[in-house]
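Trainee: Just one file: start_16.cif, with mmCIF, N, CA and C atoms; chains and numbers go by the auth columns.
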```
data_structure
loop_
_atom_site.group_PDB
_atom_site.id
_atom_site.type_symbol
_atom_site.label_atom_id
_atom_site.label_comp_id
_atom_site.label_asym_id
_atom_site.label_seq_id
_atom_site.Cartn_x
_atom_site.Cartn_y
_atom_site.Cartn_z
_atom_site.B_iso_or_equiv
_atom_site.auth_seq_id
_atom_site.auth_asym_id
ATOM 1 N N MET A 1 -16.655 -4.246 -0.743 0.00 799 E
ATOM 2 C CA MET A 1 -15.273 -4.279 -1.203 0.00 799 E
ATOM 3 C C MET A 1 -14.538 -3.030 -0.727 0.00 799 E
ATOM 4 N N THR A 2 -13.300 -3.202 -0.383 0.00 800 E
ATOM 5 C CA THR A 2 -12.476 -2.111 0.117 0.00 800 E
ATOM 6 C C THR A 2 -12.041 -1.205 -1.028 0.00 800 E
ATOM 7 N N ASP A 3 -12.120 0.106 -0.813 0.00 801 E
ATOM 8 C CA ASP A 3 -11.665 1.068 -1.816 0.00 801 E
ATOM 9 C C ASP A 3 -10.184 1.362 -1.554 0.00 801 E
ATOM 10 N N TYR A 4 -9.327 0.560 -2.174 0.00 802 E
ATOM 11 C CA TYR A 4 -7.891 0.690 -1.934 0.00 802 E
ATOM 12 C C TYR A 4 -7.328 1.999 -2.465 0.00 802 E
ATOM 13 N N ASN A 5 -7.884 2.528 -3.556 0.00 803 E
ATOM 14 C CA ASN A 5 -7.406 3.817 -4.061 0.00 803 E
ATOM 15 C C ASN A 5 -7.623 4.912 -3.032 0.00 803 E
ATOM 16 N N GLU A 6 -8.776 4.904 -2.382 0.00 804 E
ATOM 17 C CA GLU A 6 -9.050 5.904 -1.354 0.00 804 E
ATOM 18 C C GLU A 6 -8.073 5.760 -0.190 0.00 804 E
ATOM 19 N N LEU A 7 -7.818 4.528 0.229 0.00 805 E
ATOM 20 C CA LEU A 7 -6.875 4.299 1.330 0.00 805 E
ATOM 21 C C LEU A 7 -5.462 4.729 0.946 0.00 805 E
ATOM 22 N N LEU A 8 -5.053 4.446 -0.283 0.00 806 E
ATOM 23 C CA LEU A 8 -3.733 4.869 -0.743 0.00 806 E
ATOM 24 C C LEU A 8 -3.633 6.391 -0.839 0.00 806 E
ATOM 25 N N ASP A 9 -4.705 7.043 -1.267 0.00 807 E
ATOM 26 C CA ASP A 9 -4.727 8.509 -1.313 0.00 807 E
ATOM 27 C C ASP A 9 -4.600 9.092 0.085 0.00 807 E
ATOM 28 N N ARG A 10 -5.284 8.489 1.054 0.00 808 E
ATOM 29 C CA ARG A 10 -5.195 8.954 2.450 0.00 808 E
ATOM 30 C C ARG A 10 -3.796 8.739 3.008 0.00 808 E
ATOM 31 N N LEU A 11 -3.177 7.626 2.658 0.00 809 E
ATOM 32 C CA LEU A 11 -1.810 7.340 3.087 0.00 809 E
ATOM 33 C C LEU A 11 -0.854 8.375 2.489 0.00 809 E
ATOM 34 N N LYS A 12 -1.015 8.661 1.215 0.00 810 E
ATOM 35 C CA LYS A 12 -0.176 9.650 0.527 0.00 810 E
ATOM 36 C C LYS A 12 -0.337 11.034 1.131 0.00 810 E
ATOM 37 N N ALA A 13 -1.558 11.389 1.511 0.00 811 E
ATOM 38 C CA ALA A 13 -1.849 12.710 2.073 0.00 811 E
ATOM 39 C C ALA A 13 -1.390 12.847 3.522 0.00 811 E
ATOM 40 N N GLY A 14 -0.941 11.756 4.115 0.00 812 E
ATOM 41 C CA GLY A 14 -0.487 11.808 5.499 0.00 812 E
ATOM 42 C C GLY A 14 -1.595 11.635 6.519 0.00 812 E
ATOM 43 N N GLU A 15 -2.791 11.302 6.069 0.00 813 E
ATOM 44 C CA GLU A 15 -3.910 11.082 6.977 0.00 813 E
ATOM 45 C C GLU A 15 -3.759 9.764 7.731 0.00 813 E
ATOM 46 N N MET A 16 -2.951 8.876 7.167 0.00 814 E
ATOM 47 C CA MET A 16 -2.672 7.583 7.786 0.00 814 E
ATOM 48 C C MET A 16 -1.155 7.412 7.806 0.00 814 E
ATOM 49 N N GLU A 17 -0.634 6.769 8.839 0.00 815 E
ATOM 50 C CA GLU A 17 0.798 6.517 8.922 0.00 815 E
ATOM 51 C C GLU A 17 1.181 5.281 8.120 0.00 815 E
ATOM 52 N N SER A 18 0.294 4.289 8.112 0.00 816 E
ATOM 53 C CA SER A 18 0.564 3.049 7.393 0.00 816 E
ATOM 54 C C SER A 18 -0.751 2.379 7.012 0.00 816 E
ATOM 55 N N LEU A 19 -0.648 1.417 6.126 0.00 817 E
ATOM 56 C CA LEU A 19 -1.804 0.650 5.665 0.00 817 E
ATOM 57 C C LEU A 19 -1.440 -0.826 5.743 0.00 817 E
ATOM 58 N N THR A 20 -2.212 -1.586 6.500 0.00 818 E
ATOM 59 C CA THR A 20 -1.962 -3.010 6.661 0.00 818 E
ATOM 60 C C THR A 20 -2.850 -3.796 5.713 0.00 818 E
ATOM 61 N N VAL A 21 -2.225 -4.692 4.960 0.00 819 E
ATOM 62 C CA VAL A 21 -2.942 -5.539 4.012 0.00 819 E
ATOM 63 C C VAL A 21 -2.736 -6.998 4.432 0.00 819 E
ATOM 64 N N GLU A 22 -3.832 -7.690 4.651 0.00 820 E
ATOM 65 C CA GLU A 22 -3.773 -9.094 5.049 0.00 820 E
ATOM 66 C C GLU A 22 -3.586 -9.979 3.812 0.00 820 E
ATOM 67 N N LYS A 23 -3.084 -11.170 4.039 0.00 821 E
ATOM 68 C CA LYS A 23 -2.764 -12.125 2.982 0.00 821 E
ATOM 69 C C LYS A 23 -3.927 -12.349 2.012 0.00 821 E
ATOM 70 N N GLU A 24 -5.130 -12.517 2.530 0.00 822 E
ATOM 71 C CA GLU A 24 -6.283 -12.822 1.678 0.00 822 E
ATOM 72 C C GLU A 24 -6.715 -11.647 0.793 0.00 822 E
ATOM 73 N N ASN A 25 -6.244 -10.432 1.105 0.00 823 E
ATOM 74 C CA ASN A 25 -6.596 -9.244 0.319 0.00 823 E
ATOM 75 C C ASN A 25 -5.457 -8.759 -0.571 0.00 823 E
ATOM 76 N N PHE A 26 -4.302 -9.409 -0.484 0.00 824 E
ATOM 77 C CA PHE A 26 -3.114 -8.894 -1.146 0.00 824 E
ATOM 78 C C PHE A 26 -3.253 -8.786 -2.660 0.00 824 E
ATOM 79 N N LEU A 27 -3.764 -9.793 -3.326 0.00 825 E
ATOM 80 C CA LEU A 27 -3.841 -9.753 -4.794 0.00 825 E
ATOM 81 C C LEU A 27 -4.773 -8.648 -5.283 0.00 825 E
ATOM 82 N N ASP A 28 -5.910 -8.453 -4.615 0.00 826 E
ATOM 83 C CA ASP A 28 -6.815 -7.354 -4.986 0.00 826 E
ATOM 84 C C ASP A 28 -6.129 -6.012 -4.758 0.00 826 E
ATOM 85 N N PHE A 29 -5.442 -5.881 -3.623 0.00 827 E
ATOM 86 C CA PHE A 29 -4.732 -4.639 -3.309 0.00 827 E
ATOM 87 C C PHE A 29 -3.634 -4.363 -4.337 0.00 827 E
ATOM 88 N N ARG A 30 -2.847 -5.378 -4.657 0.00 828 E
ATOM 89 C CA ARG A 30 -1.727 -5.219 -5.582 0.00 828 E
ATOM 90 C C ARG A 30 -2.196 -4.772 -6.960 0.00 828 E
ATOM 91 N N THR A 31 -3.324 -5.289 -7.410 0.00 829 E
ATOM 92 C CA THR A 31 -3.876 -4.890 -8.702 0.00 829 E
ATOM 93 C C THR A 31 -4.138 -3.387 -8.735 0.00 829 E
ATOM 94 N N VAL A 32 -4.691 -2.860 -7.651 0.00 830 E
ATOM 95 C CA VAL A 32 -4.967 -1.422 -7.562 0.00 830 E
ATOM 96 C C VAL A 32 -3.661 -0.641 -7.450 0.00 830 E
ATOM 97 N N LEU A 33 -2.748 -1.126 -6.618 0.00 831 E
ATOM 98 C CA LEU A 33 -1.485 -0.422 -6.381 0.00 831 E
ATOM 99 C C LEU A 33 -0.669 -0.251 -7.657 0.00 831 E
ATOM 100 N N ILE A 34 -0.469 -1.316 -8.411 0.00 832 E
ATOM 101 C CA ILE A 34 0.414 -1.211 -9.583 0.00 832 E
ATOM 102 C C ILE A 34 -0.227 -0.450 -10.744 0.00 832 E
ATOM 103 N N ALA A 35 -1.521 -0.199 -10.682 0.00 833 E
ATOM 104 C CA ALA A 35 -2.187 0.599 -11.708 0.00 833 E
ATOM 105 C C ALA A 35 -1.989 2.102 -11.482 0.00 833 E
ATOM 106 N N ARG A 36 -1.490 2.474 -10.304 0.00 834 E
ATOM 107 C CA ARG A 36 -1.296 3.891 -9.979 0.00 834 E
ATOM 108 C C ARG A 36 0.033 4.387 -10.538 0.00 834 E
ATOM 109 N N GLU A 37 0.062 5.644 -10.980 0.00 835 E
ATOM 110 C CA GLU A 37 1.298 6.236 -11.493 0.00 835 E
ATOM 111 C C GLU A 37 2.344 6.391 -10.394 0.00 835 E
ATOM 112 N N ASP A 38 1.895 6.575 -9.154 0.00 836 E
ATOM 113 C CA ASP A 38 2.807 6.820 -8.037 0.00 836 E
ATOM 114 C C ASP A 38 3.116 5.550 -7.239 0.00 836 E
ATOM 115 N N PHE A 39 2.924 4.385 -7.834 0.00 837 E
ATOM 116 C CA PHE A 39 3.053 3.139 -7.074 0.00 837 E
ATOM 117 C C PHE A 39 4.459 2.926 -6.496 0.00 837 E
ATOM 118 N N LYS A 40 5.480 3.497 -7.094 0.00 838 E
ATOM 119 C CA LYS A 40 6.833 3.308 -6.575 0.00 838 E
ATOM 120 C C LYS A 40 7.081 4.080 -5.276 0.00 838 E
ATOM 121 N N HIS A 41 6.156 4.956 -4.913 0.00 839 E
ATOM 122 C CA HIS A 41 6.284 5.701 -3.667 0.00 839 E
ATOM 123 C C HIS A 41 5.778 4.900 -2.464 0.00 839 E
ATOM 124 N N PHE A 42 5.081 3.823 -2.715 0.00 840 E
ATOM 125 C CA PHE A 42 4.533 3.007 -1.637 0.00 840 E
ATOM 126 C C PHE A 42 5.484 1.851 -1.356 0.00 840 E
ATOM 127 N N ARG A 43 5.915 1.767 -0.116 0.00 841 E
ATOM 128 C CA ARG A 43 6.870 0.720 0.269 0.00 841 E
ATOM 129 C C ARG A 43 6.177 -0.261 1.193 0.00 841 E
ATOM 130 N N GLY A 44 6.227 -1.530 0.817 0.00 842 E
ATOM 131 C CA GLY A 44 5.609 -2.570 1.622 0.00 842 E
ATOM 132 C C GLY A 44 6.643 -3.368 2.382 0.00 842 E
ATOM 133 N N GLU A 45 6.320 -3.692 3.626 0.00 843 E
ATOM 134 C CA GLU A 45 7.177 -4.516 4.465 0.00 843 E
ATOM 135 C C GLU A 45 6.375 -5.748 4.861 0.00 843 E
ATOM 136 N N ALA A 46 6.854 -6.913 4.469 0.00 844 E
ATOM 137 C CA ALA A 46 6.139 -8.167 4.700 0.00 844 E
ATOM 138 C C ALA A 46 6.460 -8.729 6.088 0.00 844 E
ATOM 139 N N PHE A 47 5.433 -9.306 6.707 0.00 845 E
ATOM 140 C CA PHE A 47 5.555 -9.919 8.021 0.00 845 E
ATOM 141 C C PHE A 47 5.021 -11.342 7.967 0.00 845 E
ATOM 142 N N HIS A 48 5.117 -12.027 9.087 0.00 846 E
ATOM 143 C CA HIS A 48 4.639 -13.406 9.186 0.00 846 E
ATOM 144 C C HIS A 48 3.160 -13.510 8.835 0.00 846 E
ATOM 145 N N HIS A 49 2.782 -14.658 8.331 0.00 847 E
ATOM 146 C CA HIS A 49 1.394 -15.005 8.013 0.00 847 E
ATOM 147 C C HIS A 49 0.808 -14.147 6.890 0.00 847 E
ATOM 148 N N GLY A 50 1.664 -13.565 6.054 0.00 848 E
ATOM 149 C CA GLY A 50 1.196 -12.857 4.876 0.00 848 E
ATOM 150 C C GLY A 50 0.748 -11.429 5.086 0.00 848 E
ATOM 151 N N LYS A 51 0.970 -10.868 6.257 0.00 849 E
ATOM 152 C CA LYS A 51 0.588 -9.473 6.514 0.00 849 E
ATOM 153 C C LYS A 51 1.655 -8.553 5.927 0.00 849 E
ATOM 154 N N THR A 52 1.229 -7.500 5.213 0.00 850 E
ATOM 155 C CA THR A 52 2.148 -6.518 4.648 0.00 850 E
ATOM 156 C C THR A 52 1.716 -5.127 5.091 0.00 850 E
ATOM 157 N N ILE A 53 2.676 -4.340 5.540 0.00 851 E
ATOM 158 C CA ILE A 53 2.394 -2.977 5.980 0.00 851 E
ATOM 159 C C ILE A 53 3.030 -2.022 4.977 0.00 851 E
ATOM 160 N N TYR A 54 2.213 -1.143 4.421 0.00 852 E
ATOM 161 C CA TYR A 54 2.659 -0.179 3.422 0.00 852 E
ATOM 162 C C TYR A 54 2.764 1.208 4.038 0.00 852 E
ATOM 163 N N ARG A 55 3.798 1.924 3.591 0.00 853 E
ATOM 164 C CA ARG A 55 4.002 3.322 3.977 0.00 853 E
ATOM 165 C C ARG A 55 4.282 4.118 2.711 0.00 853 E
ATOM 166 N N TYR A 56 3.975 5.418 2.763 0.00 854 E
ATOM 167 C CA TYR A 56 4.247 6.294 1.624 0.00 854 E
ATOM 168 C C TYR A 56 5.608 6.939 1.810 0.00 854 E
ATOM 169 N N MET A 57 6.426 6.887 0.771 0.00 855 E
ATOM 170 C CA MET A 57 7.756 7.473 0.804 0.00 855 E
ATOM 171 C C MET A 57 7.790 8.674 -0.152 0.00 855 E
ATOM 172 N N GLN A 58 8.436 9.755 0.257 0.00 856 E
ATOM 173 C CA GLN A 58 8.534 10.950 -0.600 0.00 856 E
ATOM 174 C C GLN A 58 9.349 10.666 -1.864 0.00 856 E
ATOM 175 N N GLU A 59 10.399 9.874 -1.721 0.00 857 E
ATOM 176 C CA GLU A 59 11.231 9.493 -2.861 0.00 857 E
ATOM 177 C C GLU A 59 10.783 8.138 -3.374 0.00 857 E
ATOM 178 N N PRO A 60 10.616 7.977 -4.686 0.00 858 E
ATOM 179 C CA PRO A 60 10.185 6.682 -5.218 0.00 858 E
ATOM 180 C C PRO A 60 11.260 5.609 -5.038 0.00 858 E
ATOM 181 N N GLY A 61 10.816 4.377 -4.906 0.00 859 E
ATOM 182 C CA GLY A 61 11.748 3.246 -4.828 0.00 859 E
ATOM 183 C C GLY A 61 12.300 2.936 -6.199 0.00 859 E
ATOM 184 N N LYS A 62 13.237 2.029 -6.224 0.00 860 E
ATOM 185 C CA LYS A 62 13.875 1.683 -7.498 0.00 860 E
ATOM 186 C C LYS A 62 13.203 0.550 -8.179 0.00 860 E
#
```
Kindly present the structure from the file in structure tokens form.

Mentor:
Amino acid sequence: MTDYNELLDRLKAGEMESLTVEKENFLDFRTVLIAREDFKHFRGEAFHHGKTIYRYMQEPGK
């Protein structure tokens, strides 16, 4: 199983520019993401076939 918290921490630290989540992994990823206190800092952009690319933003979203 993928350690999404570790990947999100690496994204936040700037070790990664973006994180791609495929359609079949989205619900597991989302469960981890919304449990984080800083979840509003992660911005996802959806693409065709259910692929979503997340980036860390310094300012939280609304």

Trainee: Once the PyMOL selection byres (((chain E and resi 813-815 and name CA) around 12) and name CA) has been applied to the shown file, what residues remain in the selection, as a list in words?

Mentor: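 Taken over the shown coordinates, the PyMOL selection byres (((chain E and resi 813-815 and name CA) around 12) and name CA) returns Glu804, Leu805, Leu806, Asp807, Arg808, Leu809, Lys810, Ala811, Gly812, Ser816, Leu817, Thr818, Phe840, Ile851, Tyr852, Arg853, Tyr854 and Met855 of chain E.
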
Trainee: Would you compute the box with edges along x, y and z of the file around stretch 825-837 of chain E, including every atom the file lists for it and 4 Å extra on each side, and give its centre and edge lengths in Å to one decimal, as AutoDock Vina command-line options?

Mentor:
```
--center_x -1.2 --center_y -1.5 --center_z -7.5 --size_x 19.3 --size_y 24.6 --size_z 16.4
```

Trainee: Please report the interatomic distance between atom C of E:Thr800 and atom CA of E:Pro858 in Å with one decimal.

Mentor: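 These two atoms are separated by 24.0 Å.
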
Trainee: In Å, how far is it from atom C of E:Lys821 to atom C of E:His847?

Mentor: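 That distance, rounded to one decimal, is 7.0 Å.
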
Trainee: How would you write, as a PyMOL selection string, the set of residues in chain E that DSSP gives as strand (DSSP E)?

Mentor: chain E and resi 817-819+840-844+850-854

Trainee: Extract, using all atoms listed in the file, all DNA, RNA and protein residues at most 8 Å from E:Lys860, discarding same-chain residues fewer than 2 positions from it, and format them as a list in words.

Mentor: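 Here the qualifying residues turn out to be Lys838, His839, Glu857 and Pro858 of chain E.
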
Trainee: Would you please work out which residue, of E:Leu825, E:Phe837, E:Val819, E:Tyr802, is nearest to E:Thr850 when using only C-alpha atoms?

Mentor: E:Val819
